[in-house]
$ cat data.cif   # mmCIF, N, CA and C atoms, pLDDT in the B column; chains and numbers go by the auth columns
data_model
#
loop_
_atom_site.group_PDB
_atom_site.id
_atom_site.type_symbol
_atom_site.label_atom_id
_atom_site.label_comp_id
_atom_site.label_asym_id
_atom_site.label_seq_id
_atom_site.Cartn_x
_atom_site.Cartn_y
_atom_site.Cartn_z
_atom_site.B_iso_or_equiv
_atom_site.auth_seq_id
_atom_site.auth_asym_id
ATOM 1 N N MET A 1 22.027 -6.556 60.440 67.00 29 A
ATOM 2 C CA MET A 1 21.394 -5.657 59.491 67.00 29 A
ATOM 3 C C MET A 1 22.408 -4.665 58.928 67.00 29 A
ATOM 4 N N ILE A 2 23.261 -4.133 59.781 72.00 30 A
ATOM 5 C CA ILE A 2 24.278 -3.172 59.331 72.00 30 A
ATOM 6 C C ILE A 2 25.245 -3.854 58.380 72.00 30 A
ATOM 7 N N LYS A 3 25.540 -5.122 58.658 72.00 31 A
ATOM 8 C CA LYS A 3 26.450 -5.875 57.793 72.00 31 A
ATOM 9 C C LYS A 3 25.843 -6.033 56.397 72.00 31 A
ATOM 10 N N ARG A 4 24.548 -6.281 56.320 75.00 32 A
ATOM 11 C CA ARG A 4 23.874 -6.419 55.027 75.00 32 A
ATOM 12 C C ARG A 4 23.936 -5.118 54.229 75.00 32 A
ATOM 13 N N VAL A 5 23.668 -4.019 54.907 70.00 33 A
ATOM 14 C CA VAL A 5 23.698 -2.718 54.238 70.00 33 A
ATOM 15 C C VAL A 5 25.104 -2.420 53.739 70.00 33 A
ATOM 16 N N LYS A 6 26.088 -2.711 54.576 70.00 34 A
ATOM 17 C CA LYS A 6 27.481 -2.476 54.191 70.00 34 A
ATOM 18 C C LYS A 6 27.857 -3.333 52.984 70.00 34 A
ATOM 19 N N ASN A 7 27.480 -4.615 53.011 72.00 35 A
ATOM 20 C CA ASN A 7 27.772 -5.502 51.878 72.00 35 A
ATOM 21 C C ASN A 7 27.065 -5.041 50.613 72.00 35 A
ATOM 22 N N TYR A 8 25.848 -4.528 50.763 74.00 36 A
ATOM 23 C CA TYR A 8 25.106 -4.031 49.602 74.00 36 A
ATOM 24 C C TYR A 8 25.856 -2.892 48.927 74.00 36 A
ATOM 25 N N PHE A 9 26.320 -1.933 49.737 69.00 37 A
ATOM 26 C CA PHE A 9 27.007 -0.784 49.151 69.00 37 A
ATOM 27 C C PHE A 9 28.377 -1.160 48.609 69.00 37 A
ATOM 28 N N VAL A 10 29.052 -2.117 49.251 69.00 38 A
ATOM 29 C CA VAL A 10 30.348 -2.570 48.740 69.00 38 A
ATOM 30 C C VAL A 10 30.153 -3.266 47.401 69.00 38 A
ATOM 31 N N ASN A 11 29.175 -4.147 47.324 68.00 39 A
ATOM 32 C CA ASN A 11 28.916 -4.846 46.062 68.00 39 A
ATOM 33 C C ASN A 11 28.477 -3.874 44.979 68.00 39 A
ATOM 34 N N ARG A 12 27.703 -2.897 45.349 66.00 40 A
ATOM 35 C CA ARG A 12 27.246 -1.911 44.374 66.00 40 A
ATOM 36 C C ARG A 12 28.420 -1.094 43.849 66.00 40 A
ATOM 37 N N LYS A 13 29.347 -0.744 44.726 58.00 41 A
ATOM 38 C CA LYS A 13 30.511 0.029 44.315 58.00 41 A
ATOM 39 C C LYS A 13 31.400 -0.791 43.401 58.00 41 A
ATOM 40 N N GLU A 14 31.556 -2.098 43.674 57.00 42 A
ATOM 41 C CA GLU A 14 32.382 -2.962 42.836 57.00 42 A
ATOM 42 C C GLU A 14 31.755 -3.171 41.466 57.00 42 A
ATOM 43 N N ASN A 15 30.447 -3.312 41.429 58.00 43 A
ATOM 44 C CA ASN A 15 29.765 -3.550 40.157 58.00 43 A
ATOM 45 C C ASN A 15 29.569 -2.281 39.351 58.00 43 A
ATOM 46 N N ASN A 16 29.770 -1.149 39.936 57.00 44 A
ATOM 47 C CA ASN A 16 29.564 0.122 39.251 57.00 44 A
ATOM 48 C C ASN A 16 30.550 0.294 38.102 57.00 44 A
ATOM 49 N N GLY A 17 31.733 -0.259 38.220 55.00 45 A
ATOM 50 C CA GLY A 17 32.728 -0.141 37.160 55.00 45 A
ATOM 51 C C GLY A 17 32.432 -1.006 35.958 55.00 45 A
ATOM 52 N N ASN A 18 31.510 -1.978 36.084 53.00 46 A
ATOM 53 C CA ASN A 18 31.201 -2.881 34.983 53.00 46 A
ATOM 54 C C ASN A 18 30.298 -2.245 33.937 53.00 46 A
ATOM 55 N N TYR A 19 29.703 -1.108 34.263 54.00 47 A
ATOM 56 C CA TYR A 19 28.759 -0.467 33.352 54.00 47 A
ATOM 57 C C TYR A 19 29.383 0.771 32.724 54.00 47 A
ATOM 58 N N GLU A 20 30.488 0.591 32.059 54.00 48 A
ATOM 59 C CA GLU A 20 31.156 1.720 31.429 54.00 48 A
ATOM 60 C C GLU A 20 30.423 2.115 30.156 54.00 48 A
ATOM 61 N N VAL A 21 30.451 3.369 29.850 55.00 49 A
ATOM 62 C CA VAL A 21 29.785 3.880 28.660 55.00 49 A
ATOM 63 C C VAL A 21 30.664 3.581 27.446 55.00 49 A
ATOM 64 N N ARG A 22 30.056 3.026 26.424 54.00 50 A
ATOM 65 C CA ARG A 22 30.809 2.740 25.203 54.00 50 A
ATOM 66 C C ARG A 22 30.934 4.016 24.395 54.00 50 A
ATOM 67 N N LYS A 23 32.143 4.295 23.957 60.00 51 A
ATOM 68 C CA LYS A 23 32.393 5.545 23.246 60.00 51 A
ATOM 69 C C LYS A 23 32.398 5.364 21.732 60.00 51 A
ATOM 70 N N HIS A 24 32.250 4.169 21.236 61.00 52 A
ATOM 71 C CA HIS A 24 32.286 3.949 19.796 61.00 52 A
ATOM 72 C C HIS A 24 30.910 3.596 19.249 61.00 52 A
ATOM 73 N N GLY A 25 29.859 4.127 19.833 65.00 53 A
ATOM 74 C CA GLY A 25 28.502 3.857 19.388 65.00 53 A
ATOM 75 C C GLY A 25 28.107 4.642 18.150 65.00 53 A
ATOM 76 N N GLY A 26 28.867 5.670 17.790 78.00 54 A
ATOM 77 C CA GLY A 26 28.545 6.478 16.627 78.00 54 A
ATOM 78 C C GLY A 26 28.695 5.727 15.321 78.00 54 A
ATOM 79 N N LYS A 27 29.576 4.756 15.278 83.00 55 A
ATOM 80 C CA LYS A 27 29.791 3.984 14.050 83.00 55 A
ATOM 81 C C LYS A 27 28.553 3.183 13.696 83.00 55 A
ATOM 82 N N GLU A 28 27.904 2.603 14.697 86.00 56 A
ATOM 83 C CA GLU A 28 26.705 1.821 14.417 86.00 56 A
ATOM 84 C C GLU A 28 25.583 2.703 13.902 86.00 56 A
ATOM 85 N N ILE A 29 25.454 3.891 14.452 89.00 57 A
ATOM 86 C CA ILE A 29 24.397 4.807 14.014 89.00 57 A
ATOM 87 C C ILE A 29 24.631 5.224 12.567 89.00 57 A
ATOM 88 N N ILE A 30 25.872 5.504 12.221 90.00 58 A
ATOM 89 C CA ILE A 30 26.191 5.902 10.847 90.00 58 A
ATOM 90 C C ILE A 30 25.919 4.753 9.893 90.00 58 A
ATOM 91 N N MET A 31 26.271 3.523 10.279 92.00 59 A
ATOM 92 C CA MET A 31 26.026 2.369 9.409 92.00 59 A
ATOM 93 C C MET A 31 24.526 2.125 9.234 92.00 59 A
ATOM 94 N N GLU A 32 23.735 2.265 10.296 93.00 60 A
ATOM 95 C CA GLU A 32 22.289 2.085 10.175 93.00 60 A
ATOM 96 C C GLU A 32 21.680 3.148 9.271 93.00 60 A
ATOM 97 N N PHE A 33 22.149 4.378 9.397 94.00 61 A
ATOM 98 C CA PHE A 33 21.651 5.443 8.528 94.00 61 A
ATOM 99 C C PHE A 33 22.013 5.165 7.077 94.00 61 A
ATOM 100 N N ALA A 34 23.246 4.718 6.837 95.00 62 A
ATOM 101 C CA ALA A 34 23.682 4.425 5.467 95.00 62 A
ATOM 102 C C ALA A 34 22.857 3.286 4.866 95.00 62 A
ATOM 103 N N LEU A 35 22.605 2.242 5.643 96.00 63 A
ATOM 104 C CA LEU A 35 21.803 1.132 5.129 96.00 63 A
ATOM 105 C C LEU A 35 20.367 1.563 4.854 96.00 63 A
ATOM 106 N N GLY A 36 19.827 2.413 5.701 96.00 64 A
ATOM 107 C CA GLY A 36 18.484 2.937 5.461 96.00 64 A
ATOM 108 C C GLY A 36 18.421 3.778 4.206 96.00 64 A
ATOM 109 N N ALA A 37 19.453 4.605 3.999 96.00 65 A
ATOM 110 C CA ALA A 37 19.498 5.440 2.798 96.00 65 A
ATOM 111 C C ALA A 37 19.607 4.579 1.545 96.00 65 A
ATOM 112 N N ILE A 38 20.401 3.530 1.603 97.00 66 A
ATOM 113 C CA ILE A 38 20.531 2.621 0.458 97.00 66 A
ATOM 114 C C ILE A 38 19.190 1.953 0.168 97.00 66 A
ATOM 115 N N ALA A 39 18.470 1.542 1.210 96.00 67 A
ATOM 116 C CA ALA A 39 17.167 0.903 1.016 96.00 67 A
ATOM 117 C C ALA A 39 16.182 1.862 0.358 96.00 67 A
ATOM 118 N N VAL A 40 16.195 3.126 0.776 96.00 68 A
ATOM 119 C CA VAL A 40 15.287 4.117 0.179 96.00 68 A
ATOM 120 C C VAL A 40 15.640 4.353 -1.285 96.00 68 A
ATOM 121 N N VAL A 41 16.925 4.462 -1.593 96.00 69 A
ATOM 122 C CA VAL A 41 17.354 4.683 -2.982 96.00 69 A
ATOM 123 C C VAL A 41 16.952 3.509 -3.857 96.00 69 A
ATOM 124 N N LEU A 42 17.150 2.293 -3.356 95.00 70 A
ATOM 125 C CA LEU A 42 16.768 1.120 -4.137 95.00 70 A
ATOM 126 C C LEU A 42 15.263 1.050 -4.332 95.00 70 A
ATOM 127 N N ALA A 43 14.489 1.437 -3.318 94.00 71 A
ATOM 128 C CA ALA A 43 13.033 1.440 -3.451 94.00 71 A
ATOM 129 C C ALA A 43 12.576 2.452 -4.485 94.00 71 A
ATOM 130 N N VAL A 44 13.246 3.601 -4.549 94.00 72 A
ATOM 131 C CA VAL A 44 12.875 4.618 -5.538 94.00 72 A
ATOM 132 C C VAL A 44 13.264 4.167 -6.943 94.00 72 A
ATOM 133 N N VAL A 45 14.447 3.593 -7.075 95.00 73 A
ATOM 134 C CA VAL A 45 14.919 3.177 -8.401 95.00 73 A
ATOM 135 C C VAL A 45 14.055 2.044 -8.955 95.00 73 A
ATOM 136 N N PHE A 46 13.741 1.065 -8.117 95.00 74 A
ATOM 137 C CA PHE A 46 12.977 -0.097 -8.578 95.00 74 A
ATOM 138 C C PHE A 46 11.512 -0.011 -8.176 95.00 74 A
ATOM 139 N N ARG A 47 10.947 1.191 -8.208 94.00 75 A
ATOM 140 C CA ARG A 47 9.574 1.428 -7.784 94.00 75 A
ATOM 141 C C ARG A 47 8.578 0.626 -8.619 94.00 75 A
ATOM 142 N N ASP A 48 8.721 0.626 -9.918 93.00 76 A
ATOM 143 C CA ASP A 48 7.765 -0.070 -10.785 93.00 76 A
ATOM 144 C C ASP A 48 7.806 -1.578 -10.563 93.00 76 A
ATOM 145 N N GLN A 49 9.012 -2.124 -10.464 95.00 77 A
ATOM 146 C CA GLN A 49 9.139 -3.560 -10.239 95.00 77 A
ATOM 147 C C GLN A 49 8.572 -3.963 -8.880 95.00 77 A
ATOM 148 N N LEU A 50 8.806 -3.145 -7.868 93.00 78 A
ATOM 149 C CA LEU A 50 8.251 -3.442 -6.543 93.00 78 A
ATOM 150 C C LEU A 50 6.732 -3.389 -6.560 93.00 78 A
ATOM 151 N N GLU A 51 6.186 -2.445 -7.315 94.00 79 A
ATOM 152 C CA GLU A 51 4.733 -2.334 -7.396 94.00 79 A
ATOM 153 C C GLU A 51 4.121 -3.578 -8.024 94.00 79 A
ATOM 154 N N THR A 52 4.724 -4.083 -9.080 95.00 80 A
ATOM 155 C CA THR A 52 4.191 -5.289 -9.725 95.00 80 A
ATOM 156 C C THR A 52 4.338 -6.508 -8.825 95.00 80 A
ATOM 157 N N VAL A 53 5.456 -6.616 -8.131 94.00 81 A
ATOM 158 C CA VAL A 53 5.649 -7.756 -7.228 94.00 81 A
ATOM 159 C C VAL A 53 4.623 -7.726 -6.102 94.00 81 A
ATOM 160 N N ILE A 54 4.405 -6.566 -5.509 94.00 82 A
ATOM 161 C CA ILE A 54 3.468 -6.460 -4.400 94.00 82 A
ATOM 162 C C ILE A 54 2.043 -6.743 -4.872 94.00 82 A
ATOM 163 N N SER A 55 1.679 -6.237 -6.032 96.00 83 A
ATOM 164 C CA SER A 55 0.327 -6.501 -6.529 96.00 83 A
ATOM 165 C C SER A 55 0.149 -7.979 -6.886 96.00 83 A
ATOM 166 N N THR A 56 1.172 -8.604 -7.441 96.00 84 A
ATOM 167 C CA THR A 56 1.086 -10.027 -7.776 96.00 84 A
ATOM 168 C C THR A 56 0.949 -10.880 -6.526 96.00 84 A
ATOM 169 N N VAL A 57 1.755 -10.582 -5.530 96.00 85 A
ATOM 170 C CA VAL A 57 1.683 -11.346 -4.278 96.00 85 A
ATOM 171 C C VAL A 57 0.337 -11.114 -3.600 96.00 85 A
ATOM 172 N N GLY A 58 -0.141 -9.885 -3.599 95.00 86 A
ATOM 173 C CA GLY A 58 -1.430 -9.585 -2.983 95.00 86 A
ATOM 174 C C GLY A 58 -2.575 -10.302 -3.664 95.00 86 A
ATOM 175 N N SER A 59 -2.585 -10.309 -4.979 95.00 87 A
ATOM 176 C CA SER A 59 -3.661 -11.002 -5.696 95.00 87 A
ATOM 177 C C SER A 59 -3.565 -12.508 -5.505 95.00 87 A
ATOM 178 N N SER A 60 -2.355 -13.027 -5.440 95.00 88 A
ATOM 179 C CA SER A 60 -2.178 -14.461 -5.204 95.00 88 A
ATOM 180 C C SER A 60 -2.709 -14.851 -3.829 95.00 88 A
ATOM 181 N N PHE A 61 -2.368 -14.078 -2.808 94.00 89 A
ATOM 182 C CA PHE A 61 -2.893 -14.349 -1.472 94.00 89 A
ATOM 183 C C PHE A 61 -4.405 -14.238 -1.447 94.00 89 A
ATOM 184 N N SER A 62 -4.938 -13.230 -2.103 93.00 90 A
ATOM 185 C CA SER A 62 -6.382 -13.037 -2.120 93.00 90 A
ATOM 186 C C SER A 62 -7.076 -14.222 -2.778 93.00 90 A
ATOM 187 N N ASP A 63 -6.552 -14.678 -3.910 93.00 91 A
ATOM 188 C CA ASP A 63 -7.145 -15.820 -4.602 93.00 91 A
ATOM 189 C C ASP A 63 -7.092 -17.078 -3.744 93.00 91 A
ATOM 190 N N LYS A 64 -5.966 -17.298 -3.086 92.00 92 A
ATOM 191 C CA LYS A 64 -5.836 -18.506 -2.269 92.00 92 A
ATOM 192 C C LYS A 64 -6.733 -18.456 -1.039 92.00 92 A
ATOM 193 N N ILE A 65 -6.876 -17.299 -0.437 92.00 93 A
ATOM 194 C CA ILE A 65 -7.759 -17.169 0.726 92.00 93 A
ATOM 195 C C ILE A 65 -9.210 -17.356 0.311 92.00 93 A
ATOM 196 N N ASN A 66 -9.596 -16.763 -0.816 92.00 94 A
ATOM 197 C CA ASN A 66 -10.973 -16.957 -1.311 92.00 94 A
ATOM 198 C C ASN A 66 -11.242 -18.416 -1.648 92.00 94 A
ATOM 199 N N ALA A 67 -10.267 -19.085 -2.255 90.00 95 A
ATOM 200 C CA ALA A 67 -10.448 -20.507 -2.579 90.00 95 A
ATOM 201 C C ALA A 67 -10.555 -21.341 -1.320 90.00 95 A
ATOM 202 N N LEU A 68 -9.845 -20.975 -0.290 89.00 96 A
ATOM 203 C CA LEU A 68 -9.890 -21.723 0.960 89.00 96 A
ATOM 204 C C LEU A 68 -11.268 -21.629 1.611 89.00 96 A
ATOM 205 N N PHE A 69 -11.858 -20.440 1.612 89.00 97 A
ATOM 206 C CA PHE A 69 -13.136 -20.266 2.272 89.00 97 A
ATOM 207 C C PHE A 69 -14.318 -20.691 1.408 89.00 97 A
ATOM 208 N N THR A 70 -14.183 -20.680 0.098 87.00 98 A
ATOM 209 C CA THR A 70 -15.292 -21.132 -0.758 87.00 98 A
ATOM 210 C C THR A 70 -15.351 -22.646 -0.835 87.00 98 A
ATOM 211 N N SER A 71 -14.246 -23.318 -0.542 73.00 99 A
ATOM 212 C CA SER A 71 -14.252 -24.776 -0.606 73.00 99 A
ATOM 213 C C SER A 71 -14.886 -25.405 0.632 73.00 99 A
ATOM 214 N N LEU A 72 -15.148 -24.620 1.678 66.00 100 A
ATOM 215 C CA LEU A 72 -15.780 -25.156 2.893 66.00 100 A
ATOM 216 C C LEU A 72 -17.225 -25.270 2.635 66.00 100 A
#
$ encode --input "data.cif" --output "structure tokens"
Amino acid sequence: MIKRVKNYFVNRKENNGNYEVRKHGGKEIIMEFALGAIAVVLAVVFRDQLETVISTVGSSFSDKINALFTSL
């Protein structure tokens, strides 16, 4: 039993070095923020076109779903 406990702590100490903290994680956060900002700007600029696309797709889905259930 003592041998098991000793091996557990030895293995834990050896594996402890494998979980180092990454120090370059700030770059990913900045890139995600930049991509989000670009998406918001594009959504604002092309607001009218997005509205027409969404309404067209919504009406198309609605028509197809209604046709599916009325044909039964």
$ atom_distance --input "data.cif" --atom1 "atom CA of Leu70 of chain A" --atom2 "atom CA of Phe89 of chain A"
25.2 Å
$ atom_distance --input "data.cif" --atom1 "atom CA of Leu96 of chain A" --atom2 "atom C of Val81 of chain A"
21.4 Å
$ atom_distance --input "data.cif" --atom1 "atom CA of Lys92 of chain A" --atom2 "atom C of Thr80 of chain A"
17.0 Å
